[in-house]
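Peer 1: I have a structure here, written as structure tokens, and I will follow up with some questions on it.
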Amino acid sequence: MTSIMNKNNLCRRFVGIFFICIFISGCSRTTIIDDVKIIQSLGYDLENNKIKGTASYPVYVESMQESHPRKLFTSESNTTTGVYTSFSNQTAHRIDMSQLGSVFFSENFAKNGISDLIGNLNSDPNISSNSTLIISSKSASDLLEESMNYPPYFLSSVLDQSMRNGNIPLSNLHTVSYQYYSEGQDMYIPKMDINEKGLFVSEGVGVFKDEKLALSLNNKESLMLKILVDKLGFNSTYEFTTSDNKQLLIKIVSNNKNSHVQINNSEVTYKFKLKVYLKEQASKLSVANINNKLTKEIETNIRTELTNLLEKLKKENVDPVGVGELFRGAQRDWKRYEFYERVYPNIKFNIKANVNIVNTGAAK
Amino acid sequence: MQNEPKESYVVSNFFIFFIMISSINGTGLLGFQNILAKNAKQDGWIVVLSIGISILLILWLIYKILQAESNDIMAVHNDIFGKFTGSVLSVIISIYFLSASIFVFRTYLEIVRVWAFPSVSVIELGVLMLLIIYYIVSGGFRVVTGICFLFALIPSILFLFSLFFPLKFVHLNNLSPILNISFPDFIKGFKESSPIFFGFETLLIYFPLLKNGESSKKWASYAIIYTIFLFTIVTLISFTYFSIGQLINSKWPTLEMIKIIELPFVERFDFIFVFSWLAVIIPTICLHIWSVCRIYKRLFDIKPRISLVISLGIVFLSTVGIDNYFKLEMFNKYVYAAGFYFVYFYIPLIFVIKIGRNMMKNRLRNGG
């Protein structure tokens, strides 16, 4: 009796395993890395009212010494996602977007509005929130063409590096869509260019009004924007001239920010505690000099730079710093339109910067 | 009616902690912020907290209803409404539980399709999952409890690890001004978001299978408090990580939030997250379907094996029938509305009727 039951059990188990095998194999979706075109950068240009898309992908070859032709996908379409269609007409392999590192678009494209692009990038769950959006000063296809001479993901690494150690405020797909959908802040997107020698340089940021590019900030201004918006520790360097005509370079290592809003007088107060390293000419300065005069001078210098930037943004009526968000948080009946029409142009900025020179390097 | 189940079928009291957590967890935790943001703006977390507290109250009501000799909802129905009407009401409840499980099942399949395999057919994945569910539920309540016990804490473990990364992008200013919500908005937000806690009402069915029902109250409340804590934390982080507009524009904000995680050895953690979530929804579905079978067993003495196959068949057919996102959204609305009226109107109503009846009985007894 028991043996029959055992047999039954075994039989059942076997049938179960058999079925599971069938189903599991049915579920497998094999993707071999050699058979997929993994897009690493996308470029968008505007030409004759049509969107021109460019895409670069790494080519895997057996040996690195071997020279091989590398080409970009290019296509034209009316929509930002439509360009993929003709990409896939140009390749023998499937196109995959899940490793997308950076999306470039020309200034012209940005001036025409990028809300569709942001919407489409967000609606594709394969695209990581960490991928970066970049405005290219030349056409995006030129930039990607040039990048083919460099290792894969070179462009996004350049930008990533200058966001971490340089003067560009932190920006990726998440922060850009955060700013785009937020009521009291405008987008800023880093810019990139090729210099005369054919090297890539990250160059300031572009500031948007709603979905359109409105204003470009240079490197120094973008550092000031970074001080205003970034929270985490940074490594940016800042060069300035002292009153007795000495050239100095300081490195900002930490920033403790505090902001306060007074609604009645429409006044915003920003307080900064900056810790800096003195890099250039440090050995020629006396201790007393550093403690009193120099610290004060750096403070005034940073304060005026920050005020200049805020005033400039105010004049252009763009708000990448998020002053509107501060007011929205403090005011119960805050309205976006009213704020930017009436309050924002008359806002008064108070800036208090407290600089602490932590170190001057190893030389005495 | 046999109200005293065999000793070998019951489970220990403290397991209700895990059962309750598992019954609440579903796909709700992946996307509830969307509706919440639409109605409550930056005060979403206050709405979540108050929903949680109201759920604690309802839990108390359920324990009051299940007191004395009739210790599950079928017996209560029979007591109050008589055999025929009572059975009809119990069948309606079973339909609600079945549609709740269809909803969770179909939503998860939708997420897998959108996130990982756009080309996979619902049938293929669905059959595989239904096989697992069949295997678990046919094992009886003890096996279902075991699965709940195993998988109840998975969301917390996942979140403990993954909510750490978005903190880098948090804007605390998003939460102010606090309490800026108008009363109608609060009510609307409360009504539309309360379903994230639903599923705990399966207690009405499995209560007799707890060893010492009365004293399980403590563990059940702990489970609810734990869930409130989990939901509030997730709400707080997602409302500070995203701007309100961004929340309104995304279907599954929790998953979007996980997308920011990038580790040297795992480029995209969100895929792992989506597939681990299978372990979270399986106990929820199993418990609901087990409840359906239990209702039919108690009412008409139908063998669970038969009712299980039939209900899984219905789940499968409806999953195939809901063939696009918009239908799913519609279905979602109906299930949510049904759940809302069931939890916030029907349960208190039963409570009032039962209390009234008891008082009447006492008066009659004393008078006579």
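We label chains A, B, ... in the order they appear in the structure tokens, count residues from 1 in each chain, and number ligands from 1 in the order shown.
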Each residue of chain A with at least one atom at most 10 Å from chain B should appear once, together with its nearest atom pair and the corresponding distance in Å (one decimal); atoms considered: only C-alpha atoms; ordering: chain, then increasing residue number; output as a Markdown table.
Peer 2:
```
| residue | atom | partner | partner_atom | distance |
| --- | --- | --- | --- | --- |
| A:Gly16 | CA | B:Leu131 | CA | 9.7 |
| A:Phe19 | CA | B:Leu128 | CA | 9.7 |
| A:Ile20 | CA | B:Leu128 | CA | 7.9 |
| A:Phe23 | CA | B:Leu128 | CA | 7.0 |
| A:Ile24 | CA | B:Leu128 | CA | 8.2 |
| A:Gly26 | CA | B:Glu124 | CA | 7.8 |
| A:Cys27 | CA | B:Glu124 | CA | 7.3 |
| A:Ser28 | CA | B:Val120 | CA | 9.7 |
| A:Arg29 | CA | B:Phe117 | CA | 8.3 |
| A:Ser98 | CA | B:Arg268 | CA | 8.8 |
| A:Gln99 | CA | B:Glu267 | CA | 8.7 |
| A:Gly119 | CA | B:Asn249 | CA | 8.9 |
| A:Asn122 | CA | B:Ser250 | CA | 8.3 |
| A:Ser123 | CA | B:Ser250 | CA | 7.9 |
| A:Asp124 | CA | B:Trp115 | CA | 8.5 |
| A:Pro125 | CA | B:Trp115 | CA | 5.8 |
| A:Asn126 | CA | B:Trp115 | CA | 7.1 |
| A:Ile127 | CA | B:Lys259 | CA | 8.7 |
| A:Ser128 | CA | B:Lys259 | CA | 6.0 |
| A:Ser129 | CA | B:Ile260 | CA | 5.2 |
| A:Asn130 | CA | B:Ile260 | CA | 5.9 |
| A:Ser131 | CA | B:Ile260 | CA | 9.4 |
| A:Asn172 | CA | B:Ile260 | CA | 9.9 |
| A:Leu173 | CA | B:Ile260 | CA | 9.6 |
| A:His174 | CA | B:Ile260 | CA | 7.9 |
| A:Thr175 | CA | B:Phe169 | CA | 8.0 |
| A:Ser177 | CA | B:Gln246 | CA | 7.1 |
| A:Tyr178 | CA | B:Ser243 | CA | 5.5 |
| A:Gln179 | CA | B:Ser243 | CA | 7.6 |
| A:Tyr180 | CA | B:Gln246 | CA | 8.3 |
| A:Tyr181 | CA | B:Gly245 | CA | 4.7 |
| A:Ser182 | CA | B:Ser243 | CA | 5.3 |
| A:Glu183 | CA | B:Gly245 | CA | 7.7 |
| A:Gly184 | CA | B:Ser243 | CA | 9.9 |
| A:Asp230 | CA | B:Phe169 | CA | 9.5 |
| A:Lys231 | CA | B:Lys168 | CA | 8.4 |
| A:Leu232 | CA | B:Lys168 | CA | 7.9 |
| A:Glu325 | CA | B:Asn173 | CA | 7.6 |
| A:Leu326 | CA | B:Asn173 | CA | 7.1 |
| A:Phe327 | CA | B:Pro177 | CA | 9.7 |
| A:Arg328 | CA | B:Pro177 | CA | 7.6 |
| A:Gly329 | CA | B:Ser176 | CA | 4.7 |
| A:Ala330 | CA | B:Pro177 | CA | 5.9 |
| A:Gln331 | CA | B:Pro177 | CA | 7.0 |
| A:Arg332 | CA | B:Pro177 | CA | 6.4 |
| A:Asp333 | CA | B:Asn180 | CA | 8.8 |
```
Peer 1: I need the residues in region 23-267 of chain B that are alpha helix (DSSP H) according to DSSP; give them as a PyMOL selection string.
Peer 2: chain B and resi 23-24+28-31+33-40+44-65+73-81+83-115+122-138+141-151+154-162+183-193+203-206+217-241+244-248+253-258
Peer 1: So what do you get for CA of Glu47 (chain A) versus CA of Asn317 (chain A), distance-wise?
Peer 2: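 A separation of 28.9 Å between them.
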Peer 1: So, with only C-alpha atoms as the atoms that count, which of A:Ile134, A:Ala55, A:Val268, A:Val318 lies closest to Ile347 (chain A)?
Peer 2: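 The closest residue to Ile347 (chain A) is A:Val268.
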